[in-house]
Structure formats: C-alpha cells, structure tokens
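Trainee: Input file: work09.cif. Contents: mmCIF, C-alpha atoms; chains and numbers go by the auth columns.
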```cif
data_input
loop_
_atom_site.group_PDB
_atom_site.id
_atom_site.type_symbol
_atom_site.label_atom_id
_atom_site.label_comp_id
_atom_site.label_asym_id
_atom_site.label_seq_id
_atom_site.Cartn_x
_atom_site.Cartn_y
_atom_site.Cartn_z
_atom_site.B_iso_or_equiv
_atom_site.auth_seq_id
_atom_site.auth_asym_id
ATOM 1 C CA MET A 1 80.892 93.299 69.350 0.00 2 A
ATOM 2 C CA SER A 2 77.915 90.962 69.146 0.00 3 A
ATOM 3 C CA LYS A 3 75.226 90.794 71.768 0.00 4 A
ATOM 4 C CA SER A 4 76.593 87.456 72.979 0.00 5 A
ATOM 5 C CA ASP A 5 79.896 89.142 73.887 0.00 6 A
ATOM 6 C CA PHE A 6 78.242 91.088 76.696 0.00 7 A
ATOM 7 C CA ALA A 7 78.137 89.529 80.153 0.00 8 A
ATOM 8 C CA ILE A 8 75.782 92.020 81.722 0.00 9 A
ATOM 9 C CA ARG A 9 73.083 94.397 80.525 0.00 10 A
ATOM 10 C CA LEU A 10 71.118 96.632 82.835 0.00 11 A
ATOM 11 C CA ARG A 11 68.905 99.617 82.182 0.00 12 A
ATOM 12 C CA LEU A 12 68.058 102.372 84.640 0.00 13 A
ATOM 13 C CA GLY A 13 65.886 105.062 83.167 0.00 14 A
ATOM 14 C CA SER A 14 67.681 106.585 80.219 0.00 15 A
ATOM 15 C CA PHE A 15 71.002 104.914 81.133 0.00 16 A
ATOM 16 C CA ARG A 16 72.159 101.419 80.296 0.00 17 A
ATOM 17 C CA LEU A 17 75.040 99.356 81.699 0.00 18 A
ATOM 18 C CA GLN A 18 76.479 97.056 79.068 0.00 19 A
ATOM 19 C CA ALA A 19 79.775 95.378 79.994 0.00 20 A
ATOM 20 C CA GLY A 20 81.875 92.743 78.301 0.00 21 A
ATOM 21 C CA LEU A 21 82.681 89.310 79.707 0.00 22 A
ATOM 22 C CA TRP A 22 86.321 89.858 80.661 0.00 23 A
ATOM 23 C CA PRO A 23 85.912 93.254 82.389 0.00 24 A
ATOM 24 C CA THR A 24 82.984 91.803 84.333 0.00 25 A
ATOM 25 C CA LEU A 25 84.928 88.692 85.367 0.00 26 A
ATOM 26 C CA ALA A 26 87.961 90.762 86.402 0.00 27 A
ATOM 27 C CA THR A 27 85.780 93.096 88.470 0.00 28 A
ATOM 28 C CA ALA A 28 83.848 90.201 90.011 0.00 29 A
ATOM 29 C CA ILE A 29 87.129 88.604 91.137 0.00 30 A
ATOM 30 C CA LEU A 30 89.046 91.699 92.254 0.00 31 A
ATOM 31 C CA LEU A 31 86.230 93.489 94.068 0.00 32 A
ATOM 32 C CA PRO A 32 85.639 90.850 96.793 0.00 33 A
ATOM 33 C CA VAL A 33 89.403 90.382 97.162 0.00 34 A
ATOM 34 C CA LEU A 34 89.913 94.092 97.841 0.00 35 A
ATOM 35 C CA MET A 35 86.968 94.203 100.229 0.00 36 A
ATOM 36 C CA GLY A 36 88.229 91.089 101.997 0.00 37 A
ATOM 37 C CA LEU A 37 91.669 92.636 102.492 0.00 38 A
ATOM 38 C CA GLY A 38 90.045 95.714 103.980 0.00 39 A
ATOM 39 C CA PHE A 39 87.996 93.705 106.481 0.00 40 A
ATOM 40 C CA TRP A 40 91.063 91.589 107.308 0.00 41 A
ATOM 41 C CA GLN A 41 92.999 94.721 108.268 0.00 42 A
ATOM 42 C CA LEU A 42 90.116 95.836 110.492 0.00 43 A
ATOM 43 C CA GLN A 43 90.141 92.397 112.149 0.00 44 A
ATOM 44 C CA ARG A 44 93.897 92.709 112.753 0.00 45 A
ATOM 45 C CA ALA A 45 93.367 96.066 114.424 0.00 46 A
ATOM 46 C CA GLU A 46 90.625 94.655 116.660 0.00 47 A
ATOM 47 C CA PHE A 47 92.762 91.608 117.484 0.00 48 A
ATOM 48 C CA LYS A 48 95.589 93.844 118.687 0.00 49 A
ATOM 49 C CA ARG A 49 93.166 95.926 120.725 0.00 50 A
ATOM 50 C CA THR A 50 91.844 92.752 122.398 0.00 51 A
ATOM 51 C CA LEU A 51 95.357 91.491 123.149 0.00 52 A
ATOM 52 C CA GLN A 52 96.329 94.786 124.740 0.00 53 A
ATOM 53 C CA ALA A 53 93.202 94.753 126.917 0.00 54 A
ATOM 54 C CA GLU A 54 94.062 91.230 128.110 0.00 55 A
ATOM 55 C CA TYR A 55 97.670 92.260 128.724 0.00 56 A
ATOM 56 C CA ASP A 56 96.640 95.341 130.730 0.00 57 A
ATOM 57 C CA ARG A 57 94.281 93.244 132.848 0.00 58 A
ATOM 58 C CA TYR A 58 97.105 90.912 133.896 0.00 59 A
ATOM 59 C CA GLN A 59 99.499 93.800 134.550 0.00 60 A
ATOM 60 C CA ASN A 60 97.121 95.160 137.192 0.00 61 A
ATOM 61 C CA MET A 61 97.489 91.913 139.150 0.00 62 A
ATOM 62 C CA PRO A 62 100.308 91.223 141.643 0.00 63 A
ATOM 63 C CA PRO A 63 103.422 89.624 140.087 0.00 64 A
ATOM 64 C CA GLN A 64 103.302 85.837 139.839 0.00 65 A
ATOM 65 C CA ARG A 65 106.371 83.941 141.011 0.00 66 A
ATOM 66 C CA MET A 66 107.798 81.446 138.522 0.00 67 A
ATOM 67 C CA LEU A 67 108.472 78.184 140.337 0.00 68 A
ATOM 68 C CA ALA A 68 110.849 75.294 139.735 0.00 69 A
ATOM 69 C CA ARG A 69 108.645 73.462 137.262 0.00 70 A
ATOM 70 C CA VAL A 70 107.583 73.752 133.636 0.00 71 A
ATOM 71 C CA ASP A 71 104.231 75.560 133.649 0.00 72 A
ATOM 72 C CA ALA A 72 101.467 75.468 131.052 0.00 73 A
ATOM 73 C CA LEU A 73 101.479 78.335 128.593 0.00 74 A
ATOM 74 C CA GLU A 74 98.004 79.542 129.582 0.00 75 A
ATOM 75 C CA THR A 75 99.121 79.989 133.200 0.00 76 A
ATOM 76 C CA LEU A 76 102.025 82.248 132.188 0.00 77 A
ATOM 77 C CA HIS A 77 101.168 84.147 129.027 0.00 78 A
ATOM 78 C CA TYR A 78 101.020 87.941 129.603 0.00 79 A
ATOM 79 C CA ARG A 79 101.470 87.513 133.355 0.00 80 A
ATOM 80 C CA HIS A 80 103.793 89.789 135.262 0.00 81 A
ATOM 81 C CA ILE A 81 106.441 87.383 136.536 0.00 82 A
ATOM 82 C CA VAL A 82 109.079 87.463 139.258 0.00 83 A
ATOM 83 C CA VAL A 83 111.798 84.810 139.098 0.00 84 A
ATOM 84 C CA ARG A 84 115.071 84.070 140.893 0.00 85 A
ATOM 85 C CA GLY A 85 117.997 82.217 139.438 0.00 86 A
ATOM 86 C CA ARG A 86 121.350 82.363 137.642 0.00 87 A
ATOM 87 C CA TYR A 87 122.117 83.295 134.054 0.00 88 A
ATOM 88 C CA GLU A 88 123.802 80.756 131.785 0.00 89 A
ATOM 89 C CA PRO A 89 125.596 82.912 129.188 0.00 90 A
ATOM 90 C CA GLU A 90 127.137 79.894 127.438 0.00 91 A
ATOM 91 C CA ARG A 91 123.689 79.228 125.937 0.00 92 A
ATOM 92 C CA GLN A 92 122.949 82.873 125.181 0.00 93 A
ATOM 93 C CA ILE A 93 121.727 83.836 121.703 0.00 94 A
ATOM 94 C CA LEU A 94 121.354 87.078 119.756 0.00 95 A
ATOM 95 C CA ILE A 95 118.270 87.775 117.625 0.00 96 A
ATOM 96 C CA ASP A 96 119.530 89.659 114.574 0.00 97 A
ATOM 97 C CA ASN A 97 118.158 92.671 112.670 0.00 98 A
ATOM 98 C CA ARG A 98 116.288 94.369 115.521 0.00 99 A
ATOM 99 C CA VAL A 99 115.925 98.106 114.986 0.00 100 A
ATOM 100 C CA VAL A 100 115.721 100.607 117.849 0.00 101 A
ATOM 101 C CA GLN A 101 115.573 104.332 117.076 0.00 102 A
ATOM 102 C CA GLY A 102 116.821 103.721 113.544 0.00 103 A
ATOM 103 C CA ARG A 103 119.842 101.636 114.571 0.00 104 A
ATOM 104 C CA VAL A 104 120.268 97.937 113.798 0.00 105 A
ATOM 105 C CA GLY A 105 121.233 95.551 116.550 0.00 106 A
ATOM 106 C CA TYR A 106 120.354 92.408 118.447 0.00 107 A
ATOM 107 C CA TYR A 107 117.983 91.256 121.156 0.00 108 A
ATOM 108 C CA VAL A 108 119.989 89.475 123.854 0.00 109 A
ATOM 109 C CA ILE A 109 118.275 86.241 124.949 0.00 110 A
ATOM 110 C CA THR A 110 119.880 84.563 127.961 0.00 111 A
ATOM 111 C CA PRO A 111 118.619 81.437 129.728 0.00 112 A
ATOM 112 C CA LEU A 112 118.059 81.794 133.458 0.00 113 A
ATOM 113 C CA ARG A 113 118.272 78.623 135.518 0.00 114 A
ATOM 114 C CA ILE A 114 115.469 78.924 138.045 0.00 115 A
ATOM 115 C CA TYR A 115 116.732 78.703 141.597 0.00 116 A
ATOM 116 C CA ASP A 116 117.006 75.174 142.978 0.00 117 A
ATOM 117 C CA SER A 117 115.803 73.469 139.782 0.00 118 A
ATOM 118 C CA THR A 118 116.878 72.243 136.351 0.00 119 A
ATOM 119 C CA VAL A 119 114.219 74.322 134.570 0.00 120 A
ATOM 120 C CA ARG A 120 115.285 77.372 132.573 0.00 121 A
ATOM 121 C CA VAL A 121 113.395 80.372 131.282 0.00 122 A
ATOM 122 C CA LEU A 122 114.664 82.477 128.383 0.00 123 A
ATOM 123 C CA VAL A 123 115.041 86.129 129.333 0.00 124 A
ATOM 124 C CA ASN A 124 115.011 88.897 126.746 0.00 125 A
ATOM 125 C CA ARG A 125 117.403 91.248 128.508 0.00 126 A
ATOM 126 C CA GLY A 126 117.029 93.961 125.893 0.00 127 A
ATOM 127 C CA TRP A 127 118.698 95.403 122.824 0.00 128 A
ATOM 128 C CA VAL A 128 122.339 96.041 121.971 0.00 129 A
ATOM 129 C CA ALA A 129 123.644 97.859 118.892 0.00 130 A
ATOM 130 C CA ALA A 130 125.535 96.011 116.182 0.00 131 A
ATOM 131 C CA GLY A 131 129.043 97.177 115.385 0.00 132 A
ATOM 132 C CA PRO A 132 130.284 98.369 111.982 0.00 133 A
ATOM 133 C CA ASP A 133 131.753 94.914 111.357 0.00 134 A
ATOM 134 C CA ARG A 134 128.968 92.348 111.609 0.00 135 A
ATOM 135 C CA SER A 135 131.533 89.555 111.951 0.00 136 A
ATOM 136 C CA GLN A 136 132.451 90.985 115.373 0.00 137 A
ATOM 137 C CA LEU A 137 129.654 90.328 117.840 0.00 138 A
ATOM 138 C CA PRO A 138 129.099 92.781 120.703 0.00 139 A
ATOM 139 C CA VAL A 139 130.611 92.023 124.089 0.00 140 A
ATOM 140 C CA ILE A 140 127.804 91.578 126.613 0.00 141 A
ATOM 141 C CA GLU A 141 128.384 91.536 130.348 0.00 142 A
ATOM 142 C CA THR A 142 126.262 89.057 132.264 0.00 143 A
ATOM 143 C CA PRO A 143 125.855 88.922 136.057 0.00 144 A
ATOM 144 C CA THR A 144 127.340 85.779 137.586 0.00 145 A
ATOM 145 C CA GLU A 145 125.556 85.971 140.919 0.00 146 A
ATOM 146 C CA THR A 146 121.990 84.901 141.680 0.00 147 A
ATOM 147 C CA VAL A 147 119.525 87.534 140.468 0.00 148 A
ATOM 148 C CA GLU A 148 115.845 88.196 141.005 0.00 149 A
ATOM 149 C CA LEU A 149 114.148 89.926 138.139 0.00 150 A
ATOM 150 C CA THR A 150 110.685 90.830 136.937 0.00 151 A
ATOM 151 C CA GLY A 151 109.168 90.882 133.489 0.00 152 A
ATOM 152 C CA VAL A 152 106.252 89.917 131.307 0.00 153 A
ATOM 153 C CA ALA A 153 105.847 86.366 130.026 0.00 154 A
ATOM 154 C CA SER A 154 105.376 86.474 126.261 0.00 155 A
ATOM 155 C CA LEU A 155 105.651 84.305 123.198 0.00 156 A
ATOM 156 C CA PRO A 156 108.555 85.122 120.862 0.00 157 A
ATOM 157 C CA SER A 157 107.605 87.209 117.856 0.00 158 A
ATOM 158 C CA ARG A 158 107.221 85.225 114.646 0.00 159 A
ATOM 159 C CA PRO A 159 108.334 86.541 111.260 0.00 160 A
ATOM 160 C CA GLY A 160 105.539 87.049 108.761 0.00 161 A
ATOM 161 C CA LEU A 161 107.653 85.559 105.969 0.00 162 A
ATOM 162 C CA ARG A 162 110.337 82.998 106.726 0.00 163 A
ATOM 163 C CA LEU A 163 113.123 83.048 104.180 0.00 164 A
ATOM 164 C CA GLY A 164 115.286 80.501 105.964 0.00 165 A
ATOM 165 C CA ASN A 165 115.974 78.603 109.154 0.00 166 A
ATOM 166 C CA ALA A 166 116.020 80.237 112.561 0.00 167 A
ATOM 167 C CA HIS A 167 119.815 79.863 112.695 0.00 168 A
ATOM 168 C CA ALA A 168 122.690 78.797 110.495 0.00 169 A
ATOM 169 C CA PRO A 169 123.476 75.057 110.565 0.00 170 A
ATOM 170 C CA GLY A 170 126.677 73.904 112.211 0.00 171 A
ATOM 171 C CA THR A 171 128.207 71.760 114.908 0.00 172 A
ATOM 172 C CA GLU A 172 128.839 74.622 117.343 0.00 173 A
ATOM 173 C CA TRP A 173 126.289 76.479 119.424 0.00 174 A
ATOM 174 C CA PRO A 174 124.521 78.960 117.079 0.00 175 A
ATOM 175 C CA VAL A 175 124.860 82.399 118.673 0.00 176 A
ATOM 176 C CA VAL A 176 123.088 84.509 116.044 0.00 177 A
ATOM 177 C CA TRP A 177 119.472 83.627 115.225 0.00 178 A
ATOM 178 C CA GLN A 178 117.122 85.306 112.764 0.00 179 A
ATOM 179 C CA TYR A 179 114.126 84.549 114.959 0.00 180 A
ATOM 180 C CA LEU A 180 113.520 82.472 118.063 0.00 181 A
ATOM 181 C CA GLU A 181 111.931 79.036 117.857 0.00 182 A
ATOM 182 C CA LEU A 182 111.426 77.767 121.390 0.00 183 A
ATOM 183 C CA LYS A 183 111.170 74.112 120.368 0.00 184 A
ATOM 184 C CA GLU A 184 114.354 74.324 118.314 0.00 185 A
ATOM 185 C CA TYR A 185 116.184 76.089 121.131 0.00 186 A
ATOM 186 C CA GLU A 186 115.052 73.473 123.656 0.00 187 A
ATOM 187 C CA ARG A 187 116.188 70.679 121.329 0.00 188 A
ATOM 188 C CA LEU A 188 119.672 72.154 120.978 0.00 189 A
ATOM 189 C CA ALA A 189 120.085 73.156 124.615 0.00 190 A
ATOM 190 C CA ALA A 190 118.756 69.817 125.920 0.00 191 A
ATOM 191 C CA PHE A 191 117.270 71.164 129.145 0.00 192 A
ATOM 192 C CA PRO A 192 113.648 71.737 130.275 0.00 193 A
ATOM 193 C CA LEU A 193 112.404 75.151 129.246 0.00 194 A
ATOM 194 C CA GLN A 194 109.445 77.320 130.164 0.00 195 A
ATOM 195 C CA PRO A 195 107.115 77.868 127.152 0.00 196 A
ATOM 196 C CA VAL A 196 107.542 81.660 127.213 0.00 197 A
ATOM 197 C CA VAL A 197 110.186 84.353 126.933 0.00 198 A
ATOM 198 C CA LEU A 198 110.447 86.803 129.816 0.00 199 A
ATOM 199 C CA LEU A 199 110.595 90.434 128.661 0.00 200 A
ATOM 200 C CA MET A 200 112.546 92.121 131.448 0.00 201 A
ATOM 201 C CA ASP A 201 110.952 95.174 132.986 0.00 202 A
ATOM 202 C CA PRO A 202 112.852 98.366 132.083 0.00 203 A
ATOM 203 C CA ASP A 203 113.558 99.035 135.776 0.00 204 A
ATOM 204 C CA SER A 204 114.343 95.430 136.719 0.00 205 A
ATOM 205 C CA PRO A 205 117.904 94.730 137.894 0.00 206 A
ATOM 206 C CA GLY A 206 119.862 91.819 136.529 0.00 207 A
ATOM 207 C CA GLY A 207 122.111 93.052 133.755 0.00 208 A
ATOM 208 C CA GLY A 208 119.488 94.357 131.349 0.00 209 A
ATOM 209 C CA LEU A 209 120.276 96.376 128.239 0.00 210 A
ATOM 210 C CA VAL A 210 118.121 98.831 126.253 0.00 211 A
ATOM 211 C CA ARG A 211 114.497 97.827 126.795 0.00 212 A
ATOM 212 C CA HIS A 212 111.720 99.648 124.943 0.00 213 A
ATOM 213 C CA TRP A 213 109.019 97.033 124.461 0.00 214 A
ATOM 214 C CA THR A 214 106.353 97.815 121.876 0.00 215 A
ATOM 215 C CA ARG A 215 102.747 97.847 123.041 0.00 216 A
ATOM 216 C CA LEU A 216 100.629 95.017 121.696 0.00 217 A
ATOM 217 C CA ASP A 217 98.138 97.487 120.216 0.00 218 A
ATOM 218 C CA ALA A 218 100.860 99.405 118.406 0.00 219 A
ATOM 219 C CA GLY A 219 100.038 99.696 114.726 0.00 220 A
ATOM 220 C CA ILE A 220 96.250 99.848 115.082 0.00 221 A
ATOM 221 C CA GLN A 221 96.148 103.108 113.131 0.00 222 A
ATOM 222 C CA THR A 222 98.387 101.520 110.494 0.00 223 A
ATOM 223 C CA HIS A 223 95.950 98.625 110.079 0.00 224 A
ATOM 224 C CA GLN A 224 93.053 101.071 109.865 0.00 225 A
ATOM 225 C CA GLY A 225 94.940 103.057 107.235 0.00 226 A
ATOM 226 C CA TYR A 226 95.561 99.908 105.188 0.00 227 A
ATOM 227 C CA ALA A 227 91.876 99.029 105.493 0.00 228 A
ATOM 228 C CA LEU A 228 90.914 102.470 104.172 0.00 229 A
ATOM 229 C CA THR A 229 93.313 101.992 101.258 0.00 230 A
ATOM 230 C CA TRP A 230 91.816 98.620 100.287 0.00 231 A
ATOM 231 C CA PHE A 231 88.249 99.911 100.592 0.00 232 A
ATOM 232 C CA SER A 232 89.172 102.963 98.491 0.00 233 A
ATOM 233 C CA LEU A 233 90.631 100.725 95.785 0.00 234 A
ATOM 234 C CA ALA A 234 87.466 98.612 95.825 0.00 235 A
ATOM 235 C CA PHE A 235 85.312 101.742 95.474 0.00 236 A
ATOM 236 C CA ALA A 236 87.520 103.053 92.671 0.00 237 A
ATOM 237 C CA LEU A 237 87.336 99.719 90.827 0.00 238 A
ATOM 238 C CA ALA A 238 83.548 99.633 91.058 0.00 239 A
ATOM 239 C CA ALA A 239 83.280 103.276 89.976 0.00 240 A
ATOM 240 C CA ILE A 240 85.577 102.754 86.986 0.00 241 A
ATOM 241 C CA TYR A 241 83.657 99.651 85.928 0.00 242 A
ATOM 242 C CA ILE A 242 80.347 101.499 86.044 0.00 243 A
ATOM 243 C CA LEU A 243 81.580 104.689 84.388 0.00 244 A
ATOM 244 C CA LEU A 244 83.331 102.906 81.518 0.00 245 A
ATOM 245 C CA ASN A 245 80.379 100.678 80.765 0.00 246 A
ATOM 246 C CA THR A 246 77.423 103.014 81.281 0.00 247 A
ATOM 247 C CA ARG A 247 75.982 105.047 78.448 0.00 248 A
ATOM 248 C CA LYS A 248 73.001 107.293 78.064 0.00 249 A
ATOM 249 C CA ASP A 249 70.488 105.621 75.800 0.00 250 A
ATOM 250 C CA ARG A 250 69.501 108.170 73.183 0.00 251 A
ATOM 251 C CA HIS A 251 66.969 105.810 71.653 0.00 252 A
ATOM 252 C CA VAL A 252 64.712 105.717 74.650 0.00 253 A
ATOM 253 C CA HIS A 253 61.299 106.960 73.503 0.00 254 A
ATOM 254 C CA GLN A 254 59.872 109.702 75.638 0.00 255 A
ATOM 255 C CA PRO A 255 56.134 109.512 76.274 0.00 256 A
ATOM 256 C CA PRO A 256 54.184 112.049 74.158 0.00 257 A
ATOM 257 C CA GLU A 257 53.081 115.207 75.912 0.00 258 A
ATOM 258 C CA SER A 258 49.343 115.556 76.418 0.00 259 A
#
```
Just dump the structure as structure tokens.

Mentor:
Amino acid sequence: MSKSDFAIRLRLGSFRLQAGLWPTLATAILLPVLMGLGFWQLQRAEFKRTLQAEYDRYQNMPPQRMLARVDALETLHYRHIVVRGRYEPERQILIDNRVVQGRVGYYVITPLRIYDSTVRVLVNRGWVAAGPDRSQLPVIETPTETVELTGVASLPSRPGLRLGNAHAPGTEWPVVWQYLELKEYERLAAFPLQPVVLLMDPDSPGGGLVRHWTRLDAGIQTHQGYALTWFSLAFALAAIYILLNTRKDRHVHQPPES
C-alpha cells in the first residue's frame, strides 16, 4: 500500500495510527450515526418522563365536564373528563392486534353522543379477547340507557410503521381497524367529533371491559437500555478502528543516554 492510500496518519510517542481511506470513511460515517441513535433514545426517555409529569399534574385536578360542543385539543388533552350521554354501537369499531397479558384481542371504541347535543366523543371502553376464529367477532354488550362516565382524554396511539390503511376498503361500515385515525373516522361517520379518545377509568360504570392502561412513562428503562447498546457499539467501533490501525513504531530513535 502506497503512502497515498492512507487517509490518516498520527503519531503518539512510540505508537503510530495509520489507517486506510475506506476504513476511515466507514468509521467516520458509522460512529456519529451510532452516537446519534444513542442520544435519540435518551431523548425519547426524557420525552416520556415529561409527558407523564404533565399527565399526573392534570390528574390531580378536579374532573372537567365535557360539554355539548367540539372543544380544542389543548383544552382536553390529558384532562380527567366526566361526560354524560348515550352509546351508539352501530358506529362502534374494534382496534385489532392489541395484546393484554399475552393474549391477542381488540380495543372496543364506541362513540358516545353527548347529552342534548349532536357532538360525539369516542370512548375506549377497554379490551376484549379475540376468539379462535378471527372471522367471528366477539359479542359486546353495550348499555342502551344514558350513562355518565369518567376517563382521560388522550390522542389515539399511532403505529410506528404503517403497512396499510387504517381499515379495509368497502361500502359497509368497517368494524375492524388496524389503528384509529380520528379524521378518517369522522369522515365516515359524518357527525361532529371531539378531537380526543376517552380512556375509561377502570372503576367507571358504563359497560367497560378489561382496562389496564399503560403509563405514559412506561418503557423509559427500555429506551435507556437501547441508548446504552448504541453507545457501546460506538465505543466498540472506535476501539476496533484504533486497535487495528495502531502499531508500535520500532524505528523511533531513542535519545542517547548521557
């Protein structure tokens, strides 16, 4: 290898670092990527911690009554809500592939028509297990009388990777959805809708199912673990680059002894 083939040459005492162009380019590209992924995971952990703190602050306030109008998102998000109205099961949907305690099932999302208004709010009533035959949907009982329930106003969870539409196309009302898109639901249902989904309190009456809502800061340790993994890979890459390209220079002349 000629001298021009080396991208970097450094000398430190009796050691010299002499690395080729391609190993240096690969390390220069991969090292900041790995470090960036590590810092991104730390930011995700801090973001979840901040969300949970905001959520806890609102939960310490008295419940806010949802009125017969469409409210702005910022006035509802994370608030503890009390609302009165009637369920409309004919526009109910099931969110597929939701796992609770190792079992696959559905979240049951039912619109509630707010008392004395045309405005609806979607209520996540909880989880129901899927049967052995996925073509047979579970039978879900829904109260027909006026109910008053409490819950937390939240935005629907968004999939990290969307492999298709929220629901299968068709002329009939789509019962099974892969994820909830509020704008798409409002378009199909053709009625005014609050910009949040109400997660029913576990002890709230009103025909709820299994409700074990995950804390917003859940997974912080997972993010921190991922960050440690990325930083470890970055350290290993740098160490390998240095070790493979560093040699002890035997030709370094030692000063003569006096």

Trainee: Pick out the closest residue to A:Val177 from this set: A:Ile94, A:Leu245, A:Ala190, A:Val140. Count all atoms listed in the file.

Mentor: A:Ile94

Trainee: Taking into account all atoms listed in the file, which residue in the set A:Tyr79, A:Tyr186, A:Tyr59, A:Tyr180 is nearest to A:Leu200?

Mentor: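 Distance minimum relative to A:Leu200 lands on A:Tyr79.
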
Trainee: Give as a short mmCIF file (atom, residue, chain, number, x, y, z; two decimals) with C-alpha atoms, keeping the file's coordinate frame the set of residues within 9 Å of the point (82.6, 97.4, 87.5), where distances use the file's coordinates and all atoms listed in the file.

Mentor:
```
data_model
loop_
_atom_site.label_atom_id
_atom_site.label_comp_id
_atom_site.auth_asym_id
_atom_site.auth_seq_id
_atom_site.Cartn_x
_atom_site.Cartn_y
_atom_site.Cartn_z
CA ALA A 20 79.78 95.38 79.99
CA PRO A 24 85.91 93.25 82.39
CA THR A 25 82.98 91.80 84.33
CA ALA A 27 87.96 90.76 86.40
CA THR A 28 85.78 93.10 88.47
CA ALA A 29 83.85 90.20 90.01
CA LEU A 32 86.23 93.49 94.07
CA LEU A 238 87.34 99.72 90.83
CA ALA A 239 83.55 99.63 91.06
CA ALA A 240 83.28 103.28 89.98
CA ILE A 241 85.58 102.75 86.99
CA TYR A 242 83.66 99.65 85.93
CA ILE A 243 80.35 101.50 86.04
CA LEU A 244 81.58 104.69 84.39
CA LEU A 245 83.33 102.91 81.52
CA ASN A 246 80.38 100.68 80.76
#
```

Trainee: Can you measure atom CA of A:Val198 to atom CA of A:Met67 for me? One decimal in Å is fine.

Mentor: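 The value is 12.2 Å.
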
Trainee: The PyMOL selection byres ((chain A and resi 128-136) around 8) - which residues does that actually catch in the file I just gave you? List them as a list of chain:residue names.

Mentor: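 Matching residues under the PyMOL selection byres ((chain A and resi 128-136) around 8) are A:Arg99, A:Val101, A:Arg104, A:Val105, A:Gly106, A:Tyr107, A:Tyr108, A:Val109, A:Arg126, A:Gly127, A:Gln137, A:Leu138, A:Pro139, A:Leu210, A:Val211, A:Arg212.
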
Trainee: Name the residues that the PyMOL selection byres ((chain A and resi 221) around 9) picks from the file above, as a list in words, using the file's chain letters and numbers.

Mentor: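 Answer for the PyMOL selection byres ((chain A and resi 221) around 9): Leu43, Arg45, Ala46, Glu47, Lys49, Arg50, Asp218, Ala219, Gly220, Gln222, Thr223, His224, Gln225 and Gly226 of chain A.
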
Trainee: Counting all atoms listed in the file, find the residues whose atoms lie at most 12 Å from (115.5, 83.5, 130.9) (file coordinates) and write them out as a PyMOL selection string.

Mentor: chain A and resi 67+82-90+92-94+109-116+120-127+148-155+183+193-201+207-209

Trainee: I need the chosen residues saved as a PDB file, in the frame of the given file, with C-alpha atoms.

Mentor:
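This went into part25.pdb:
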```
ATOM      1  CA  MET A  67     107.798  81.446 138.522  1.00  0.00           C
ATOM      2  CA  ILE A  82     106.441  87.383 136.536  1.00  0.00           C
ATOM      3  CA  VAL A  83     109.079  87.463 139.258  1.00  0.00           C
ATOM      4  CA  VAL A  84     111.798  84.810 139.098  1.00  0.00           C
ATOM      5  CA  ARG A  85     115.071  84.070 140.893  1.00  0.00           C
ATOM      6  CA  GLY A  86     117.997  82.217 139.438  1.00  0.00           C
ATOM      7  CA  ARG A  87     121.350  82.363 137.642  1.00  0.00           C
ATOM      8  CA  TYR A  88     122.117  83.295 134.054  1.00  0.00           C
ATOM      9  CA  GLU A  89     123.802  80.756 131.785  1.00  0.00           C
ATOM     10  CA  PRO A  90     125.596  82.912 129.188  1.00  0.00           C
ATOM     11  CA  ARG A  92     123.689  79.228 125.937  1.00  0.00           C
ATOM     12  CA  GLN A  93     122.949  82.873 125.181  1.00  0.00           C
ATOM     13  CA  ILE A  94     121.727  83.836 121.703  1.00  0.00           C
ATOM     14  CA  VAL A 109     119.989  89.475 123.854  1.00  0.00           C
ATOM     15  CA  ILE A 110     118.275  86.241 124.949  1.00  0.00           C
ATOM     16  CA  THR A 111     119.880  84.563 127.961  1.00  0.00           C
ATOM     17  CA  PRO A 112     118.619  81.437 129.728  1.00  0.00           C
ATOM     18  CA  LEU A 113     118.059  81.794 133.458  1.00  0.00           C
ATOM     19  CA  ARG A 114     118.272  78.623 135.518  1.00  0.00           C
ATOM     20  CA  ILE A 115     115.469  78.924 138.045  1.00  0.00           C
ATOM     21  CA  TYR A 116     116.732  78.703 141.597  1.00  0.00           C
ATOM     22  CA  VAL A 120     114.219  74.322 134.570  1.00  0.00           C
ATOM     23  CA  ARG A 121     115.285  77.372 132.573  1.00  0.00           C
ATOM     24  CA  VAL A 122     113.395  80.372 131.282  1.00  0.00           C
ATOM     25  CA  LEU A 123     114.664  82.477 128.383  1.00  0.00           C
ATOM     26  CA  VAL A 124     115.041  86.129 129.333  1.00  0.00           C
ATOM     27  CA  ASN A 125     115.011  88.897 126.746  1.00  0.00           C
ATOM     28  CA  ARG A 126     117.403  91.248 128.508  1.00  0.00           C
ATOM     29  CA  GLY A 127     117.029  93.961 125.893  1.00  0.00           C
ATOM     30  CA  VAL A 148     119.525  87.534 140.468  1.00  0.00           C
ATOM     31  CA  GLU A 149     115.845  88.196 141.005  1.00  0.00           C
ATOM     32  CA  LEU A 150     114.148  89.926 138.139  1.00  0.00           C
ATOM     33  CA  THR A 151     110.685  90.830 136.937  1.00  0.00           C
ATOM     34  CA  GLY A 152     109.168  90.882 133.489  1.00  0.00           C
ATOM     35  CA  VAL A 153     106.252  89.917 131.307  1.00  0.00           C
ATOM     36  CA  ALA A 154     105.847  86.366 130.026  1.00  0.00           C
ATOM     37  CA  SER A 155     105.376  86.474 126.261  1.00  0.00           C
ATOM     38  CA  LEU A 183     111.426  77.767 121.390  1.00  0.00           C
ATOM     39  CA  PRO A 193     113.648  71.737 130.275  1.00  0.00           C
ATOM     40  CA  LEU A 194     112.404  75.151 129.246  1.00  0.00           C
ATOM     41  CA  GLN A 195     109.445  77.320 130.164  1.00  0.00           C
ATOM     42  CA  PRO A 196     107.115  77.868 127.152  1.00  0.00           C
ATOM     43  CA  VAL A 197     107.542  81.660 127.213  1.00  0.00           C
ATOM     44  CA  VAL A 198     110.186  84.353 126.933  1.00  0.00           C
ATOM     45  CA  LEU A 199     110.447  86.803 129.816  1.00  0.00           C
ATOM     46  CA  LEU A 200     110.595  90.434 128.661  1.00  0.00           C
ATOM     47  CA  MET A 201     112.546  92.121 131.448  1.00  0.00           C
ATOM     48  CA  GLY A 207     119.862  91.819 136.529  1.00  0.00           C
ATOM     49  CA  GLY A 208     122.111  93.052 133.755  1.00  0.00           C
ATOM     50  CA  GLY A 209     119.488  94.357 131.349  1.00  0.00           C
TER      51      GLY A 209
END
```

Trainee: What does the distance between atom CA of A:Gly39 and atom CA of A:Arg58 come to in Å, to one decimal place?

Mentor: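 Atom CA of A:Arg58 lies 29.3 Å from atom CA of A:Gly39.
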
Trainee: Ranking A:Leu229, A:Ala237, A:Ile96, A:Leu13 by minimum distance to A:Gln179 and counting only C-alpha atoms, which one comes first?

Mentor: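 So, comparing all the options, the nearest one is A:Ile96.
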
Trainee: Hey, can you check how far atom CA of A:Phe16 sits from atom CA of A:Trp231?

Mentor: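 Separation between atom CA of A:Phe16 and atom CA of A:Trp231: 29.0 Å.
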
Trainee: Please enclose the listed atoms of stretch 186-202 of chain A in an axis-aligned box, pad each side by 6 Å, and write out the centre and the three edge lengths in Å, rounded to one decimal, as AutoDock Vina command-line options.

Mentor:
```
--center_x 113.6 --center_y 82.5 --center_z 127.0 --size_x 25.0 --size_y 37.4 --size_z 24.0
```

Trainee: If the PyMOL selection byres ((chain A and resi 69) around 6) were run on this exact file, what residues would it hold? Put them as a ChimeraX atom specification.

Mentor: /A:68,70,118
